[in-house]
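With mmCIF, C-alpha atoms and all ligand atoms inside, this is query06.cif:
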```
data_structure
#
loop_
_atom_site.label_atom_id
_atom_site.label_comp_id
_atom_site.auth_asym_id
_atom_site.auth_seq_id
_atom_site.Cartn_x
_atom_site.Cartn_y
_atom_site.Cartn_z
CA MET A 1 -142.96 -27.55 -12.84
CA ARG A 2 -142.95 -31.26 -11.95
CA VAL A 3 -139.69 -32.87 -13.04
CA LEU A 4 -138.50 -36.47 -13.26
CA ALA A 5 -134.72 -36.72 -12.67
CA ILE A 6 -132.50 -39.70 -13.42
CA GLU A 7 -128.91 -40.32 -12.28
CA THR A 8 -126.79 -43.30 -13.36
CA SER A 9 -123.29 -41.85 -13.67
CA CYS A 10 -121.52 -44.49 -11.62
CA ASP A 11 -122.82 -47.43 -9.60
CA ASP A 12 -126.11 -46.19 -8.19
CA THR A 13 -129.39 -46.20 -10.10
CA ALA A 14 -131.34 -43.17 -8.90
CA ALA A 15 -134.54 -41.34 -9.75
CA ALA A 16 -136.42 -38.46 -8.15
CA VAL A 17 -139.53 -36.36 -8.64
CA LEU A 18 -139.37 -32.67 -7.72
CA ASP A 19 -141.96 -29.92 -7.97
CA ASP A 20 -142.63 -26.46 -6.54
CA GLY A 21 -142.87 -28.01 -3.08
CA GLY A 22 -139.44 -29.66 -3.28
CA VAL A 23 -138.47 -33.33 -3.46
CA ARG A 24 -141.58 -35.54 -3.72
CA ALA A 25 -139.67 -38.81 -3.93
CA SER A 26 -136.05 -39.88 -4.27
CA ILE A 27 -134.97 -43.49 -4.67
CA VAL A 28 -131.42 -44.84 -4.91
CA ALA A 29 -130.73 -48.48 -5.74
CA SER A 30 -127.19 -49.25 -4.63
CA GLN A 31 -125.00 -51.72 -6.51
CA ASP A 32 -122.62 -52.24 -3.59
CA LYS A 33 -123.45 -55.95 -3.50
CA VAL A 34 -122.57 -56.36 -7.19
CA HIS A 35 -119.15 -54.69 -6.91
CA GLY A 36 -118.26 -55.43 -3.29
CA LYS A 37 -116.44 -58.67 -3.96
CA TYR A 38 -114.18 -56.97 -6.51
CA GLY A 39 -113.20 -54.17 -4.11
CA GLY A 40 -114.06 -51.54 -6.72
CA ILE A 41 -116.57 -50.71 -9.42
CA VAL A 42 -116.56 -52.93 -12.50
CA PRO A 43 -117.88 -50.63 -15.26
CA GLU A 44 -119.44 -53.34 -17.43
CA LEU A 45 -121.31 -54.81 -14.46
CA ALA A 46 -122.45 -51.34 -13.40
CA SER A 47 -123.96 -50.65 -16.79
CA ARG A 48 -125.72 -54.03 -16.95
CA GLN A 49 -127.12 -53.58 -13.46
CA HIS A 50 -128.49 -50.15 -14.38
CA MET A 51 -130.37 -51.82 -17.25
CA VAL A 52 -131.96 -54.25 -14.78
CA THR A 53 -132.83 -51.62 -12.13
CA ILE A 54 -133.72 -48.47 -14.03
CA LEU A 55 -137.36 -49.25 -14.78
CA PRO A 56 -138.30 -50.54 -11.30
CA VAL A 57 -136.50 -47.57 -9.72
CA ILE A 58 -138.45 -45.08 -11.85
CA GLU A 59 -141.74 -46.90 -11.24
CA ARG A 60 -141.16 -46.88 -7.49
CA THR A 61 -140.16 -43.22 -7.51
CA LEU A 62 -143.37 -42.27 -9.35
CA ALA A 63 -145.40 -44.41 -6.96
CA ASP A 64 -143.72 -42.84 -3.90
CA ALA A 65 -144.39 -39.38 -5.32
CA LYS A 66 -148.01 -40.48 -5.94
CA VAL A 67 -147.84 -39.37 -9.57
CA GLY A 68 -147.94 -41.07 -12.95
CA LEU A 69 -145.92 -40.29 -16.07
CA ASP A 70 -148.88 -38.17 -17.23
CA ASP A 71 -148.16 -35.77 -14.36
CA ILE A 72 -144.50 -35.28 -15.30
CA GLU A 73 -143.85 -32.00 -17.11
CA ALA A 74 -140.12 -32.21 -17.87
CA VAL A 75 -137.25 -34.69 -17.71
CA THR A 76 -133.63 -34.25 -16.65
CA ALA A 77 -130.70 -36.65 -16.34
CA THR A 78 -126.97 -36.69 -15.66
CA TYR A 79 -124.98 -36.73 -18.91
CA GLY A 80 -121.45 -36.61 -17.45
CA PRO A 81 -118.88 -36.96 -16.06
CA GLY A 82 -118.88 -40.64 -15.21
CA LEU A 83 -118.71 -44.12 -16.68
CA VAL A 84 -120.04 -43.86 -20.21
CA GLY A 85 -121.78 -47.25 -20.14
CA SER A 86 -123.54 -46.24 -16.92
CA LEU A 87 -124.39 -42.70 -18.00
CA LEU A 88 -125.92 -43.95 -21.24
CA VAL A 89 -128.55 -46.06 -19.49
CA GLY A 90 -130.09 -43.20 -17.49
CA LEU A 91 -129.58 -40.60 -20.19
CA GLN A 92 -131.16 -42.68 -22.96
CA PHE A 93 -134.03 -43.62 -20.69
CA ALA A 94 -134.67 -39.98 -19.86
CA LYS A 95 -134.47 -38.94 -23.50
CA GLY A 96 -136.81 -41.82 -24.41
CA ILE A 97 -139.43 -40.58 -21.94
CA ALA A 98 -139.01 -36.99 -23.13
CA PHE A 99 -139.34 -38.05 -26.78
CA SER A 100 -142.33 -40.34 -26.35
CA ARG A 101 -144.19 -37.81 -24.20
CA GLY A 102 -143.08 -34.67 -26.02
CA LEU A 103 -141.57 -33.25 -22.81
CA PRO A 104 -138.76 -30.73 -22.43
CA PHE A 105 -135.40 -32.25 -21.51
CA VAL A 106 -132.16 -30.93 -20.08
CA GLY A 107 -128.93 -32.77 -19.22
CA VAL A 108 -127.07 -32.03 -15.98
CA ASN A 109 -123.41 -32.19 -15.04
CA HIS A 110 -123.05 -34.61 -12.11
CA LEU A 111 -120.61 -32.28 -10.32
CA GLU A 112 -123.10 -29.43 -10.57
CA GLY A 113 -125.64 -31.68 -8.89
CA HIS A 114 -123.29 -32.29 -5.95
CA LEU A 115 -122.39 -28.59 -5.63
CA LEU A 116 -126.06 -27.55 -5.49
CA ALA A 117 -127.32 -30.45 -3.34
CA ILE A 118 -127.24 -28.29 -0.20
CA LEU A 119 -129.97 -26.09 -1.70
CA LEU A 120 -132.41 -28.99 -1.36
CA ASP A 121 -132.11 -28.59 2.41
CA ARG A 122 -131.55 -24.92 3.07
CA PRO A 123 -130.96 -21.64 1.26
CA VAL A 124 -127.35 -20.49 0.88
CA ALA A 125 -126.52 -17.08 -0.56
CA PHE A 126 -124.27 -16.98 -3.63
CA PRO A 127 -121.36 -16.92 -3.92
CA TYR A 128 -120.35 -19.81 -1.65
CA LEU A 129 -117.26 -21.94 -1.48
CA GLY A 130 -117.97 -25.51 -2.56
CA LEU A 131 -115.69 -28.37 -1.58
CA LEU A 132 -116.64 -31.35 -3.72
CA VAL A 133 -115.25 -34.60 -2.31
CA SER A 134 -116.30 -37.86 -3.90
CA GLY A 135 -114.89 -41.11 -5.19
CA GLY A 136 -113.89 -39.55 -8.49
CA HIS A 137 -113.36 -35.88 -7.63
CA THR A 138 -111.83 -33.62 -5.03
CA SER A 139 -112.09 -29.98 -6.06
CA LEU A 140 -112.81 -26.53 -4.71
CA TYR A 141 -115.18 -24.19 -6.51
CA LEU A 142 -116.55 -20.76 -6.04
CA VAL A 143 -120.27 -21.29 -6.71
CA GLU A 144 -121.45 -17.94 -8.05
CA ASP A 145 -124.88 -19.02 -9.31
CA VAL A 146 -126.60 -22.03 -10.89
CA GLY A 147 -124.38 -22.61 -13.94
CA LYS A 148 -121.54 -20.32 -12.76
CA TYR A 149 -118.71 -22.20 -11.10
CA ARG A 150 -115.09 -21.13 -10.81
CA GLN A 151 -112.70 -23.96 -10.10
CA LEU A 152 -110.10 -22.87 -7.55
CA GLY A 153 -108.26 -26.12 -6.91
CA ARG A 154 -108.31 -29.84 -7.48
CA THR A 155 -106.53 -33.02 -6.54
CA ARG A 156 -103.27 -33.67 -8.32
CA ASP A 157 -103.64 -37.44 -8.03
CA ASP A 158 -106.23 -39.51 -6.16
CA ALA A 159 -109.62 -38.22 -5.08
CA ALA A 160 -110.21 -38.28 -1.31
CA GLY A 161 -112.84 -41.02 -1.71
CA GLU A 162 -110.40 -43.05 -3.76
CA ALA A 163 -107.84 -42.74 -0.95
CA PHE A 164 -110.47 -43.98 1.51
CA ASP A 165 -111.45 -46.84 -0.79
CA LYS A 166 -107.86 -47.93 -1.50
CA GLY A 167 -106.90 -47.59 2.16
CA ALA A 168 -109.88 -49.74 3.16
CA LYS A 169 -108.86 -52.37 0.63
CA MET A 170 -105.33 -52.49 2.11
CA LEU A 171 -106.89 -52.92 5.54
CA GLY A 172 -109.08 -55.77 4.30
CA LEU A 173 -112.29 -53.80 4.79
CA GLY A 174 -115.37 -53.87 2.59
CA PHE A 175 -116.42 -51.61 -0.27
CA PRO A 176 -117.09 -48.70 -0.45
CA GLY A 177 -114.25 -48.12 1.93
CA GLY A 178 -115.00 -44.60 3.16
CA ARG A 179 -117.99 -45.69 5.20
CA GLU A 180 -116.11 -48.73 6.58
CA ILE A 181 -113.16 -46.60 7.73
CA ASP A 182 -115.51 -43.97 9.16
CA GLN A 183 -117.34 -46.63 11.23
CA ARG A 184 -114.18 -48.22 12.65
CA ALA A 185 -112.51 -44.86 13.27
CA LYS A 186 -115.23 -43.97 15.77
CA GLU A 187 -113.60 -46.27 18.35
CA GLY A 188 -110.05 -45.32 17.38
CA ASP A 189 -107.40 -42.84 18.49
CA ARG A 190 -106.82 -40.18 15.84
CA ALA A 191 -103.33 -39.49 17.16
CA ALA A 192 -102.17 -43.13 17.28
CA ILE A 193 -100.13 -42.87 14.07
CA ARG A 194 -98.93 -39.66 12.48
CA PHE A 195 -99.38 -40.16 8.73
CA PRO A 196 -97.69 -37.38 6.72
CA ARG A 197 -99.81 -34.51 5.38
CA ALA A 198 -98.97 -33.41 1.87
CA SER A 199 -98.63 -29.70 1.34
CA LEU A 200 -98.11 -28.52 -2.20
CA LYS A 201 -95.61 -25.88 -3.14
CA THR A 202 -97.63 -24.77 -6.17
CA GLY A 203 -101.38 -24.65 -6.74
CA LEU A 204 -102.61 -22.80 -3.68
CA TYR A 205 -105.84 -24.71 -3.31
CA ASP A 206 -104.82 -28.08 -4.70
CA PHE A 207 -104.91 -31.44 -2.91
CA SER A 208 -102.85 -34.64 -3.01
CA PHE A 209 -103.73 -37.98 -1.49
CA SER A 210 -101.34 -40.45 -3.07
CA GLY A 211 -98.70 -39.85 -0.36
CA VAL A 212 -100.96 -40.78 2.55
CA LYS A 213 -102.05 -43.90 0.71
CA THR A 214 -98.42 -44.90 0.20
CA SER A 215 -97.57 -44.25 3.83
CA LEU A 216 -100.42 -46.51 4.94
CA ARG A 217 -99.11 -49.22 2.63
CA GLN A 218 -95.59 -48.75 4.03
CA TYR A 219 -96.90 -48.80 7.59
CA LEU A 220 -98.61 -52.14 6.93
CA LEU A 221 -95.58 -53.57 5.10
CA ASP A 222 -93.42 -52.58 8.05
CA GLY A 223 -95.71 -54.70 10.25
CA GLY A 224 -97.43 -51.77 12.01
CA LYS A 225 -99.00 -53.04 15.21
CA ALA A 226 -101.71 -50.48 16.01
CA GLU A 227 -105.28 -51.73 16.44
CA LEU A 228 -107.51 -51.46 13.35
CA PRO A 229 -109.73 -48.64 14.77
CA ASP A 230 -106.58 -46.61 15.58
CA VAL A 231 -105.19 -47.09 12.06
CA CYS A 232 -108.57 -46.09 10.58
CA ALA A 233 -108.88 -43.01 12.82
CA SER A 234 -105.30 -41.88 12.08
CA PHE A 235 -105.61 -42.44 8.33
CA GLN A 236 -108.95 -40.64 8.25
CA GLU A 237 -107.53 -37.75 10.29
CA ALA A 238 -104.72 -37.23 7.76
CA ILE A 239 -107.21 -37.09 4.87
CA VAL A 240 -109.51 -34.75 6.79
CA ASP A 241 -106.61 -32.41 7.69
CA MET A 242 -105.57 -32.26 4.04
CA LEU A 243 -109.12 -31.35 3.03
CA LEU A 244 -109.40 -28.67 5.70
CA ALA A 245 -106.25 -26.67 4.99
CA PRO A 246 -106.81 -25.57 1.35
CA THR A 247 -110.54 -25.12 1.96
CA LEU A 248 -110.05 -22.70 4.84
CA LYS A 249 -107.32 -20.88 2.99
CA ALA A 250 -109.60 -20.42 -0.04
CA ALA A 251 -112.50 -19.29 2.16
CA ARG A 252 -110.27 -16.67 3.81
CA ASP A 253 -108.65 -15.50 0.57
CA LEU A 254 -111.97 -15.17 -1.26
CA GLY A 255 -113.88 -13.70 1.64
CA ALA A 256 -116.57 -16.40 1.40
CA THR A 257 -119.16 -16.49 4.16
CA THR A 258 -120.31 -20.09 3.68
CA ILE A 259 -118.37 -23.29 3.07
CA VAL A 260 -120.48 -26.06 1.55
CA VAL A 261 -119.09 -29.59 1.50
CA SER A 262 -120.68 -32.13 -0.83
CA GLY A 263 -120.06 -35.47 -2.56
CA GLY A 264 -119.85 -38.97 -1.08
CA VAL A 265 -116.97 -38.17 1.30
CA SER A 266 -119.01 -35.34 2.84
CA ALA A 267 -120.89 -38.16 4.60
CA ASN A 268 -117.72 -38.71 6.66
CA SER A 269 -118.52 -38.01 10.30
CA ARG A 270 -115.05 -36.74 11.23
CA LEU A 271 -114.92 -34.40 8.22
CA ARG A 272 -118.32 -33.02 9.20
CA THR A 273 -117.26 -32.35 12.80
CA ALA A 274 -113.79 -31.01 12.03
CA MET A 275 -114.85 -28.76 9.15
CA THR A 276 -117.73 -27.37 11.21
CA GLU A 277 -115.57 -26.73 14.29
CA VAL A 278 -112.59 -25.24 12.48
CA GLY A 279 -114.75 -23.36 9.96
CA ASN A 280 -117.05 -21.88 12.59
CA ALA A 281 -114.08 -20.88 14.76
CA ALA A 282 -112.71 -18.99 11.77
CA GLY A 283 -116.07 -17.23 11.32
CA PHE A 284 -117.54 -19.24 8.42
CA ASP A 285 -120.94 -20.82 8.15
CA VAL A 286 -120.32 -24.50 7.28
CA ALA A 287 -123.05 -26.54 5.59
CA PHE A 288 -123.35 -30.20 4.63
CA PRO A 289 -126.25 -31.77 2.75
CA ARG A 290 -128.22 -34.44 4.65
CA PHE A 291 -126.58 -37.88 4.29
CA ALA A 292 -128.93 -39.06 1.54
CA TYR A 293 -127.93 -36.09 -0.63
CA CYS A 294 -124.18 -36.42 0.04
CA THR A 295 -123.72 -39.65 -1.92
CA ASP A 296 -125.05 -40.05 -5.44
CA ASN A 297 -128.76 -39.36 -5.79
CA ALA A 298 -131.19 -37.99 -8.37
CA ALA A 299 -132.72 -35.31 -6.14
CA MET A 300 -129.62 -33.13 -6.61
CA ILE A 301 -129.76 -33.69 -10.38
CA GLY A 302 -133.43 -32.74 -10.25
CA TYR A 303 -132.58 -29.53 -8.39
CA ALA A 304 -129.98 -28.47 -10.96
CA GLY A 305 -132.04 -29.64 -13.95
CA ARG A 306 -135.22 -27.97 -12.71
CA ALA A 307 -133.41 -24.67 -12.15
CA ARG A 308 -132.17 -24.81 -15.73
CA LEU A 309 -135.53 -25.89 -17.16
CA LEU A 310 -137.29 -23.07 -15.29
CA ARG A 311 -135.06 -20.53 -16.96
CA GLY A 312 -135.87 -22.02 -20.35
CA GLU A 313 -132.77 -24.13 -20.97
CA ARG A 314 -133.22 -27.25 -23.08
CA HIS A 315 -130.96 -29.86 -24.64
CA ASP A 316 -132.06 -31.54 -27.80
CA LEU A 317 -132.30 -35.30 -27.80
CA THR A 318 -128.98 -35.77 -29.59
CA LEU A 319 -127.19 -34.95 -26.30
CA ASN A 320 -124.57 -37.64 -25.73
CA ALA A 321 -122.99 -39.03 -22.57
CA ALA A 322 -119.59 -37.52 -21.70
CA ALA A 323 -117.01 -39.40 -19.61
CA THR A 324 -115.25 -36.14 -18.81
CA LEU A 325 -117.22 -32.96 -18.51
CA PRO A 326 -115.71 -29.91 -16.86
CA ILE A 327 -117.97 -27.37 -15.23
CA GLY A 328 -117.24 -23.74 -15.68
CA VAL A 329 -119.11 -20.56 -16.27
CA ASP A 330 -121.26 -22.11 -18.99
CA ALA A 331 -121.88 -25.54 -17.55
O1 LIG B 401 -120.41 -39.03 -4.57
P1 LIG B 401 -120.25 -40.49 -4.54
O2 LIG B 401 -121.42 -41.32 -4.01
O3 LIG B 401 -119.88 -41.07 -5.94
C1 LIG B 401 -118.98 -40.42 -6.79
O4 LIG B 401 -119.46 -39.52 -7.56
O5 LIG B 401 -117.78 -40.72 -6.68
O6 LIG B 401 -118.94 -40.80 -3.66
C2 LIG B 401 -118.51 -42.10 -3.40
C3 LIG B 401 -117.31 -42.02 -2.46
C4 LIG B 401 -116.61 -43.37 -2.24
O7 LIG B 401 -115.24 -43.20 -2.46
C5 LIG B 401 -116.92 -43.67 -0.78
O8 LIG B 401 -115.90 -44.42 -0.14
C6 LIG B 401 -117.01 -42.29 -0.19
O9 LIG B 401 -117.70 -41.54 -1.18
N1 LIG B 401 -117.75 -42.27 1.07
C7 LIG B 401 -117.18 -41.94 2.25
C8 LIG B 401 -118.18 -42.11 3.23
N2 LIG B 401 -119.33 -42.51 2.61
C9 LIG B 401 -119.04 -42.60 1.28
N3 LIG B 401 -115.94 -41.55 2.53
C10 LIG B 401 -115.65 -41.31 3.82
N4 LIG B 401 -116.54 -41.45 4.82
C11 LIG B 401 -117.81 -41.83 4.58
N5 LIG B 401 -118.70 -41.94 5.58
ZN ZN B 402 -121.04 -38.35 -7.13
#
```
Spit out the file's structure as structure tokens when you get a sec.
Amino acid sequence: MRVLAIETSCDDTAAAVLDDGGVRASIVASQDKVHGKYGGIVPELASRQHMVTILPVIERTLADAKVGLDDIEAVTATYGPGLVGSLLVGLQFAKGIAFSRGLPFVGVNHLEGHLLAILLDRPVAFPYLGLLVSGGHTSLYLVEDVGKYRQLGRTRDDAAGEAFDKGAKMLGLGFPGGREIDQRAKEGDRAAIRFPRASLKTGLYDFSFSGVKTSLRQYLLDGGKAELPDVCASFQEAIVDMLLAPTLKAARDLGATTIVVSGGVSANSRLRTAMTEVGNAAGFDVAFPRFAYCTDNAAMIGYAGRARLLRGERHDLTLNAAATLPIGVDA
């Protein structure tokens, strides 16, 4: 089944074509230049930019895949969670194509896309432990099957990506901040500053990142003198440590064999090294999607949507965008 997938949940306009042979084309048009000067995503601008980019992105994706709309057999798109104005552009476009061509359509939960993205690159046996770390989410799931996810823990405050982005803003770095901090941290000393690690008394597998953000602010207010790469490396190390601890605990407690890390922050080079080293030493297989499938993309939505379409699932064209959309056993 050849599927066209569309993803516009936040600030990237993305489309992909997938068939029995895997991903035929996957294009992501970033809006970083639009939002960069504001140091964060401006929802109204994101939605307008999607309107400008969606058609060229789809046309280029079809061209890259060397197919035309006539060759597409089903359509899928993200319908939540995310910015409603952004979601609506991709979702309505997808439904429009499905309607005009009489094609089957299914909506996909963005988080499900991230959790399954690894399967685009390699097989992983179910159940696996999924750490989802992005700009909007930081949660742990037991991934039991496509459509069967058990949430084990979540952040109590900021998402890890948000902590990176806010930290970068305080340090006068560009947006999105995670990548900026990651780059500078490469030349820095991880032990230069000891930022506190939050450990929660309740919620075994929960996370908290507001404390580390506050301690960075306090450090800067106090006139901290460390070099920028050292501050970046130390701040990053604190976030990485706080991601590692609950994840390894959950993996041990649940007897998981594989830990899969996904979402934009899974592109972080230190997280990749540390999780792999610590996880492997504890006997777990640790897997990260390739970089292009860590941050937002439509290939992962295509994977999840295609799996659902193949087992006969359909949404009718009244499906609406949902700003919040939990995933659970029926997602
Ligand atoms: O998954 P994603 O593209 O969008 C959301 O669904 O949120 O994640 C975006 C987040 C941003 O907070 C960005 O700073 C972070 O991923 N990010 C990184 C890196 N690359 C992107 N964080 C740390 N290190 C990176 N290399
Ligand atoms: Zn995402």
Proximity check range 228-291 of chain A to range 191-207 of chain A, 6 Å, nearest pairs one decimal Å, only C-alpha atoms, as CSV:
```
residue,atom,partner,partner_atom,distance
A:Asp230,CA,A:Ala192,CA,5.9
A:Ser234,CA,A:Ile193,CA,5.6
A:Pro246,CA,A:Tyr205,CA,4.8
```
At a cut-off of 10 Å, using all atoms listed in the file, what residues contact range 212-229 of chain A? Leave out same-chain residues fewer than 3 positions from it and give the result as a JSON list (two decimals) with C-alpha atoms, in the frame of the given file.
```json
[["chain", "number", "residue", "atom", "x", "y", "z"],
["A", 158, "ASP", "CA", -106.23, -39.51, -6.16],
["A", 162, "GLU", "CA", -110.40, -43.05, -3.76],
["A", 163, "ALA", "CA", -107.84, -42.74, -0.95],
["A", 164, "PHE", "CA", -110.47, -43.98, 1.51],
["A", 165, "ASP", "CA", -111.45, -46.84, -0.79],
["A", 166, "LYS", "CA", -107.86, -47.93, -1.50],
["A", 167, "GLY", "CA", -106.90, -47.59, 2.16],
["A", 170, "MET", "CA", -105.33, -52.49, 2.11],
["A", 171, "LEU", "CA", -106.89, -52.92, 5.54],
["A", 181, "ILE", "CA", -113.16, -46.60, 7.73],
["A", 182, "ASP", "CA", -115.51, -43.97, 9.16],
["A", 183, "GLN", "CA", -117.34, -46.63, 11.23],
["A", 184, "ARG", "CA", -114.18, -48.22, 12.65],
["A", 185, "ALA", "CA", -112.51, -44.86, 13.27],
["A", 186, "LYS", "CA", -115.23, -43.97, 15.77],
["A", 187, "GLU", "CA", -113.60, -46.27, 18.35],
["A", 188, "GLY", "CA", -110.05, -45.32, 17.38],
["A", 189, "ASP", "CA", -107.40, -42.84, 18.49],
["A", 190, "ARG", "CA", -106.82, -40.18, 15.84],
["A", 192, "ALA", "CA", -102.17, -43.13, 17.28],
["A", 193, "ILE", "CA", -100.13, -42.87, 14.07],
["A", 194, "ARG", "CA", -98.93, -39.66, 12.48],
["A", 195, "PHE", "CA", -99.38, -40.16, 8.73],
["A", 196, "PRO", "CA", -97.69, -37.38, 6.72],
["A", 197, "ARG", "CA", -99.81, -34.51, 5.38],
["A", 198, "ALA", "CA", -98.97, -33.41, 1.87],
["A", 208, "SER", "CA", -102.85, -34.64, -3.01],
["A", 209, "PHE", "CA", -103.73, -37.98, -1.49],
["A", 232, "CYS", "CA", -108.57, -46.09, 10.58],
["A", 233, "ALA", "CA", -108.88, -43.01, 12.82],
["A", 234, "SER", "CA", -105.30, -41.88, 12.08],
["A", 235, "PHE", "CA", -105.61, -42.44, 8.33],
["A", 236, "GLN", "CA", -108.95, -40.64, 8.25],
["A", 238, "ALA", "CA", -104.72, -37.23, 7.76],
["A", 239, "ILE", "CA", -107.21, -37.09, 4.87],
["A", 242, "MET", "CA", -105.57, -32.26, 4.04]]
```
Using all atoms listed in the file, which residues of the polymer chains come no farther than 6 Å from ligand LIG 401 (chain B)? I'd like the answer as a short mmCIF file (atom, residue, chain, number, x, y, z; two decimals) with C-alpha atoms, in the coordinates of the input.
```
data_model
loop_
_atom_site.label_atom_id
_atom_site.label_comp_id
_atom_site.auth_asym_id
_atom_site.auth_seq_id
_atom_site.Cartn_x
_atom_site.Cartn_y
_atom_site.Cartn_z
CA SER A 134 -116.30 -37.86 -3.90
CA GLY A 135 -114.89 -41.11 -5.19
CA GLY A 136 -113.89 -39.55 -8.49
CA GLY A 161 -112.84 -41.02 -1.71
CA GLU A 162 -110.40 -43.05 -3.76
CA PHE A 164 -110.47 -43.98 1.51
CA ASP A 165 -111.45 -46.84 -0.79
CA PRO A 176 -117.09 -48.70 -0.45
CA GLY A 177 -114.25 -48.12 1.93
CA GLY A 178 -115.00 -44.60 3.16
CA ARG A 179 -117.99 -45.69 5.20
CA ASP A 182 -115.51 -43.97 9.16
CA GLY A 263 -120.06 -35.47 -2.56
CA GLY A 264 -119.85 -38.97 -1.08
CA VAL A 265 -116.97 -38.17 1.30
CA ALA A 267 -120.89 -38.16 4.60
CA ASN A 268 -117.72 -38.71 6.66
CA THR A 295 -123.72 -39.65 -1.92
CA ASP A 296 -125.05 -40.05 -5.44
#
```
Leu310 in chain A surroundings by only C-alpha atoms, 10 Å radius, close-in-sequence under 5 positions cut, as an MDAnalysis selection string: chainID A and resid 1 74 305
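Distances from A:Ala298, A:Leu254, A:Val84, A:Val42 to ligand ZN 402 (chain B) were compared using only C-alpha atoms and all ligand atoms, and the smallest one belongs to A:Ala298.
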Which residues form the shell of 12 Å around ligand ZN 402 (chain B) when you count all atoms listed in the file, given as JSON, numbers by chain? {"A": [7, 8, 9, 10, 11, 12, 13, 14, 78, 80, 81, 82, 83, 109, 110, 111, 112, 113, 114, 115, 117, 132, 133, 134, 135, 136, 137, 138, 159, 161, 262, 263, 264, 265, 266, 267, 292, 293, 294, 295, 296, 297, 298, 300, 301]}
A straight line from CA of Lys95 in chain A to CA of Asp70 in chain A spans 15.7 Å
With distances taken over all atoms listed in the file, the candidate from A:Ala160, A:Ala287, A:Ala168, A:Ala307 nearest Gly40 in chain A is A:Ala168
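Counting all atoms listed in the file, the residue from A:Val286, A:Glu313, A:Ala250, A:Gly255 that sits nearest to Pro127 in chain A is A:Gly255.
Each of A:Ser86, A:Val34, A:Arg2, A:Pro104 was checked against Leu317 in chain A using all atoms listed in the file; the smallest atom-to-atom distance is that of A:Pro104.
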Residues near Val261 in chain A, anyone? I mean within 6 Å using only C-alpha atoms, not counting same-chain ones fewer than 5 positions away, as a PyMOL selection string. chain A and resi 130-131+266+288
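Here the question is which of A:Arg308, A:His50, A:Lys169, A:Arg60 gets nearest to Ile27 in chain A using all atoms listed in the file, and that residue is A:Arg60.
The coordinates place CA of Ser47 in chain A at 11.7 Å from CA of His35 in chain A.
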So which one's closest to Pro43 in chain A, A:Ile97, A:Val231, A:Ala5, A:Leu87? Using all atoms listed in the file, please. A:Leu87
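Here CA of Leu116 in chain A stands at a distance of 26.7 Å from CA of Pro56 in chain A.
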Env of Gly96 in chain A: 10 Å cut, atoms = all atoms listed in the file, seq-sep filter 6 positions within chain, self excluded. Answer as a list in words. Val75, Gly90, Gly102, Leu103 and Leu317 of chain A
